[in-house]
Amino acid sequence: MNETSSSPLLSLRNLTIALPKGADRAYAVEDVSYDVKRGEILCVVGESGSGKSMAANAIMGLLPKGVRPVGGEALFDGQDLLTLTEKQHRQLRGLRIGMIFQEPMTALNPLMRVGAQISEVFEAHGMLSGRERQEKALALLIEVGIPQPEKAIRAYPFQLSGGQRQRVMIAMALALEPELLIADEPTTALDVTTQAQILELTLDLQRRRGMAVMFITHDFGVVAEIANRVCVMRHGKIVELGDARPVLDNPQHDYTRALIEAIPSDVIPEARGAETDTPLLEVDSLNKVFRSRGGLFKPAREVHALRDVSFSLVKGETIGIVGESGSGKSTLGRCVVRLEHPDSGTMKLSGTDFMNLKGEALRRERHRVQMIFQDPYASLNPRHRVGYAIAQGPLANGVPRAKAMAQADALLELVGLGGTADRFPHEFSGGQRQRIGIARALALEPELIVADEAVSALDVSIQAQILELLEELKQKLSLSLLFITHDLRVAAQICDRIIVMQHGRIVEQGPARDVFLAPREAYTRQLLEAIPGRPEALETA
Amino acid sequence: MSFFARFAQNRGALIGLIILVTIILMAISAPLFYPESPWRMVQRPFLPPLEVDGFPLGTDTMGRNVAAGLMHGAWVSLLIGLVSTLVALMIGVPLGAVAGYYGGLIDDALMRFTEFFQTIPNFALAIVLVAIMQPSVTSIVVAIALVSWPPVARLVRAEFMSLRHREYVEAARLVGQSNRTIILRQILPNTLSPIIVLASLMVATAILLESSLSFLGLGDPNVMSWGYMIGAARTVIRQAWWLSFFPGLAILLTVLALNLVGEGLDDALNPKLSRERS
Amino acid sequence: MLYARLIVMRLLKAVVVLFLIVIFNFFLIHMAPGDPAAVLAGEAGATDEQFLRQLREQFGLDQPIYVQLWRYVSGIAMLDFGYSYRQQMPVFDLIMARMPATLLLTGTAFVLSLALGILAGSLAAARAKKPSGSLIMALALLFYATPLFWVALMAVVLFSVYLDWLPAYGMYTVGAGYTGLALALDVGKHLILPATTLALFFMAIYTRMTRTSMLEASQQDYVKTARAKGLSPRIIQRRHILRNALLPIITLAGLQAGQMVGGAILTETVFAWPGIGRLMYEALMQRDYNLLLGIFFFSAALVIVFNILTDLVYRLADPRIKEAS
């Protein structure tokens, strides 16, 4: 690693940024001070709403409307960035400070070719001729490792994948060899394997060019992977600041400790023995192809979501279905609850056919398998009170209103939200809404619950709470659980067995311990290695 | 913030509401102020405004009281505007809901249908319909409704298509709610806001359509409407410009008011966090 | 290129739509109160017994309905849209004679409304919080709410009667015998009032849409990226915001085609502009339903051609749309 020079490149001193009236707190960041030294990587870690991105915006002069700095200074190489005019900011942007953002999907102009967008950086600072800019753009694309750079340079953003788009963003940010790179959650929206690649690229480029990097993230695993120093933020204030290794090994503050602990560690609990040997769910050779209708001149497209998927689940067991986007895991879950219909194969519940039931017969059996959804903000009808939302299932199945509502009250109590049946969804937080979703899934007294990425949209600390709740309910109500997730760590935490899927096929399945600690297949190993920070914290119980 | 408070925040909407209420009052009180039929010839023709008591807006080519015509005409315009919009909604909302929710063939058929209507000049179609069916309040209402329902169907279809994949709708399917219940109780309440906003704008458009038809002579011959008054005065525009001016002003104010109220409803029903108002 | 395929497909669709309109017209004739022969003949022709007999024979009005339909449709396919008794000309010739005037009027109004609308909308977006921005939007709303025929009449009163700046009626000065450049200028002078009046309503629509579209585009992530590169606001406005904001406007322009043709009917009527809109008004007065339906057909055809053009322009502007990858 490059030597760090003694004076910091970027120095935030007592920075305070005010939010507009009506926001949930007065300051986005309050009295925040930290440095970024030349050639080092600082990770700013926090959950959503911690204010971690605001300082970055202030440095670039890109604060949103109504948000303004009201105290402190942001010194870049001796100059206070907060006092600069817009014109002065423009001179720095791209040239001495580069920035990349979170959403590669929307961060590129959809109507401009990628090469042109990179060339623009040179144009903005009046450098090089047209032809030279193109050449440099190509060189940059090669440097960031984009496949087929000559083709990519003429491509439009929609023709590239998320990972490729992020590489383009990095190319743009580094074009003029800035001294400081600010990366605002650049890997959050990417697949685990792509994420690993981008992190590696970042490390590589940083090493080669000796840049300082301010890497904003919510994932402590990333900290373990790349950080020299780390700054932990919460509710706009700094909670802990120091060198990465000491903080990870020995966190001083309770919150930091909670964050680190909330990450599903590699401690894998003993596999619980299943209650009986009789299978509750038997899935055999499931196949599903999605076809988009072609027009007169458009070819019909086929997506093989499920290929020959077979597994069985025993009563009382928790099975984790793990895969990246496009693996078919969600389709599998939806087939199990009969929201999708497989093209072929069989599905049995306690020995009787479940797949071909229709009409009244389906209605009678349906209650045995229920689902918890991913997005807490879309899984509840905003116009219905939560008590009614939970009671809808029983009501639709003929239970008298009073009884159904009483049941709903009891369920809310069970998930820790007693007495709130009269409120509307918008009055609850994301984690609370997920609890309501769980209560709703329990309303019909199912035997099997399918959790479709049920904790993926939640902050790490809330995730832990929900997983704990699920575990508790499982024991209390002797439920079986089919847990769909992209996060292998989470799966290893609560599942007895793990099924790994890729491109619609089952790649590997077995007890959680085996899959996690001694994977047989190359893809599984790839997934495991891609988890940020993993090599650092390997433990077994 | 309550609905009314949000609505009142938009000053334009308030102004629009006041104007609208005034016009409605005008329509309702017409028989009070001018109990006789506005068709009656009551004074000498071509009387300029403010010359004779009781004729603040003068008289027209046949000696009819312009002010009376204006007030009675308000009733006609509002009625036709409202009824034709309601009929268009009654056609468009169910069609759009069914097409958006079920997809497949029904949706294809509906899309072809609305595409077809989109390529036909609406006004020309209305003219043809009214002309062939012979002008009357009924034929005008039917013609306007037939011409106005496609945008409603399209909006409702789009809303249903996006909402039917929402997780709370899937949850409802999971627990066994019937399609009908899902459409009526899960999805429809969440589409009411854009429908209401669209409806207010449709009433404005309907009034413009009706007055344009009347202007061309396709109005109900028994009914004195603002469009008719402008059309009748066209040939004498040099001598008596006010005969065209006041009814037109009335139309302008009504349509403007409806648009302002519509925008206010939009703001009040769909509060956005960062709103850039003009 | 793929555009050839696209045009062919659109034309096929157009033929289907026009065919449906023909059928629609046919049924309208038979749904009208009274004798279909009298409907086809029009008020003037209905008095002429011989003409009526001719029509009955030509359209087979005593034959079963499918025969009639066949005769009607095949007639249209051969460009026989019937005969206008009052005007003593075949309908087709009548319409074709007037079409250029309508094309001139609507074409000019379209370009005018789009150019000025986008300009005004961009200004309003740039000055979103300032009074000048609000003024533009208030004016836009005003023009949007104003009845077209009324504003046309008021324009005649103001500019022609009162100020005597511009001619009020017709396409050219009758009897002046202008040719060449002088004729073009004369027509141009007559064009100003009608084209501007027709454009006013649509200008308002484009102004409002452009402003919304630009404000929305400026909130997008790629604008933040552009700023992070250090680009000047001017370049960002032009290359990133405007380009993306124009896409929905092109779509909107296509949708407005139908409205504009309808508006032309009113405009031509007030300004006595010799196009098919005015012809429609005359047909109404004369109760010449056959002519009326013929004009309806061609106005739809006009809208279809227009839609194809805007669709092509949109595809040129947005690289994401492709028929086949």
# chains A, B, ... in the order shown; residues from 1 in each chain; ligands from 1
>>> residues_around(residues="region 396-409 of chain A", least_positions_apart="5", cutoff="10 Å", atoms="only C-alpha atoms", output="PyMOL selection string")
(chain A and resi 363-364+367+386-391+414+417-422+436+439-440+442-444) or (chain B and resi 172+175-178+181)
>>> write_last_selection(atoms="C-alpha atoms", output="compact mmCIF listing (two decimals), in the first residue's frame")
# COMPACT_ATOMS: atom_id res chain seq x y z
CA ARG A 363 -59.39 -22.98 -1.37
CA ARG A 364 -59.66 -25.59 1.32
CA HIS A 367 -54.31 -22.02 3.99
CA VAL A 386 -53.65 -3.45 9.81
CA GLY A 387 -56.14 -5.40 11.88
CA TYR A 388 -58.35 -5.74 8.83
CA ALA A 389 -55.36 -6.66 6.68
CA ILE A 390 -54.62 -9.57 8.96
CA ALA A 391 -58.25 -10.62 9.26
CA LEU A 414 -47.81 -12.41 19.31
CA LEU A 417 -47.39 -5.14 18.24
CA GLY A 418 -50.29 -5.60 20.62
CA GLY A 419 -53.18 -3.14 20.51
CA THR A 420 -52.35 -1.55 17.16
CA ALA A 421 -55.08 -3.13 15.04
CA ASP A 422 -56.70 0.22 14.31
CA ILE A 436 -47.51 -7.34 10.53
CA ALA A 439 -48.91 -11.92 11.61
CA ARG A 440 -50.95 -11.93 8.41
CA LEU A 442 -50.04 -16.78 10.46
CA ALA A 443 -53.71 -15.85 10.34
CA LEU A 444 -54.79 -18.97 8.52
CA ALA B 172 -54.99 -11.21 -0.90
CA VAL B 175 -55.54 -16.03 1.40
CA GLY B 176 -58.26 -16.82 -1.05
CA GLN B 177 -60.00 -13.54 -1.76
CA SER B 178 -62.12 -13.68 -4.91
CA THR B 181 -63.33 -8.63 -4.03
>>> interface_residues(of="chain A", to="chain C", cutoff="7 Å", atoms="only C-alpha atoms", output="ChimeraX atom specification")
/A:90-91,93-94,99,106-109,111,121,124,297-298
>>> interface_residues(of="chain C", to="chain B", cutoff="7 Å", atoms="only C-alpha atoms", output="PyMOL selection string")
chain C and resi 17+32+128-129+133-134+137+142+145-147+150+157+161+258-259+261-262+296+299-300+303-304
>>> residues_around(residues="region 210-218 of chain C", least_positions_apart="6", cutoff="7 Å", atoms="only C-alpha atoms", output="count of residues only")
10
>>> select_by_dssp(residues="region 57-290 of chain A", states="alpha helix (DSSP H)", output="ChimeraX atom specification")
/A:57-60,86-92,114-124,130-143,149-152,162-174,192-209,220-226,244-249,254-262
>>> interface_residues(of="chain A", to="chain B", cutoff="7 Å", atoms="only C-alpha atoms", output="compact mmCIF listing (two decimals) with N, CA and C atoms, in the first residue's frame")
# COMPACT_ATOMS: atom_id res chain seq x y z
N ARG A 363 -59.05 -23.87 -2.45
CA ARG A 363 -59.39 -22.98 -1.37
C ARG A 363 -59.25 -23.64 -0.02
N HIS A 367 -54.72 -22.65 2.75
CA HIS A 367 -54.31 -22.02 3.99
C HIS A 367 -53.08 -22.68 4.60
N GLN A 370 -48.45 -20.42 3.44
CA GLN A 370 -48.60 -18.97 3.34
C GLN A 370 -47.25 -18.30 3.11
N PHE A 373 -43.78 -11.49 2.43
CA PHE A 373 -43.21 -10.84 1.26
C PHE A 373 -41.99 -9.98 1.59
N ALA A 378 -44.68 -2.33 0.36
CA ALA A 378 -45.67 -2.68 -0.67
C ALA A 378 -46.52 -3.87 -0.27
N SER A 379 -46.23 -4.47 0.88
CA SER A 379 -46.96 -5.69 1.17
C SER A 379 -48.24 -5.45 1.95
N LEU A 380 -48.49 -4.19 2.35
CA LEU A 380 -49.73 -3.90 3.04
C LEU A 380 -50.51 -2.85 2.26
N ASN A 381 -51.82 -3.06 2.10
CA ASN A 381 -52.66 -2.11 1.39
C ASN A 381 -52.74 -0.81 2.19
N GLY A 393 -57.78 -12.87 5.51
CA GLY A 393 -57.72 -14.28 5.17
C GLY A 393 -58.87 -15.05 5.80
N ALA A 396 -62.19 -14.13 4.32
CA ALA A 396 -62.46 -14.69 3.00
C ALA A 396 -62.79 -16.17 3.08
>>> atom_distance(atom1="CA of Val203 (chain B)", atom2="CA of Gly81 (chain B)")
5.0 Å
>>> residues_around(residues="Leu78 (chain B)", least_positions_apart="2", cutoff="9 Å", atoms="only C-alpha atoms", output="PDB file with C-alpha atoms, in the first residue's frame")
ATOM      1  CA  ILE B  23     -71.177  29.620 -11.639  1.00  0.00           C
ATOM      2  CA  ILE B  24     -73.122  26.817 -10.021  1.00  0.00           C
ATOM      3  CA  ALA B  27     -77.081  28.229 -12.795  1.00  0.00           C
ATOM      4  CA  GLY B  73     -76.846  28.500 -20.279  1.00  0.00           C
ATOM      5  CA  ALA B  74     -74.739  27.839 -17.209  1.00  0.00           C
ATOM      6  CA  TRP B  75     -77.156  25.154 -16.198  1.00  0.00           C
ATOM      7  CA  VAL B  76     -76.983  23.505 -19.611  1.00  0.00           C
ATOM      8  CA  ILE B  80     -74.114  18.188 -19.997  1.00  0.00           C
ATOM      9  CA  GLY B  81     -70.512  18.345 -18.798  1.00  0.00           C
ATOM     10  CA  LEU B  82     -71.259  16.374 -15.666  1.00  0.00           C
ATOM     11  CA  VAL B  83     -73.553  13.750 -17.135  1.00  0.00           C
ATOM     12  CA  VAL B 203     -65.835  17.858 -17.221  1.00  0.00           C
ATOM     13  CA  ILE B 207     -67.963  21.671 -21.663  1.00  0.00           C
ATOM     14  CA  THR B 254     -65.815  27.731 -16.114  1.00  0.00           C
TER      15      THR B 254
END
>>> atom_distance(atom1="CA of Val168 (chain A)", atom2="CA of Leu92 (chain A)")
20.2 Å
>>> residues_around(residues="Ser310 (chain A)", least_positions_apart="3", cutoff="12 Å", atoms="only C-alpha atoms", output="PyMOL selection string")
chain A and resi 281-287+306-307+313+332+336+344-348+499+501+504-509
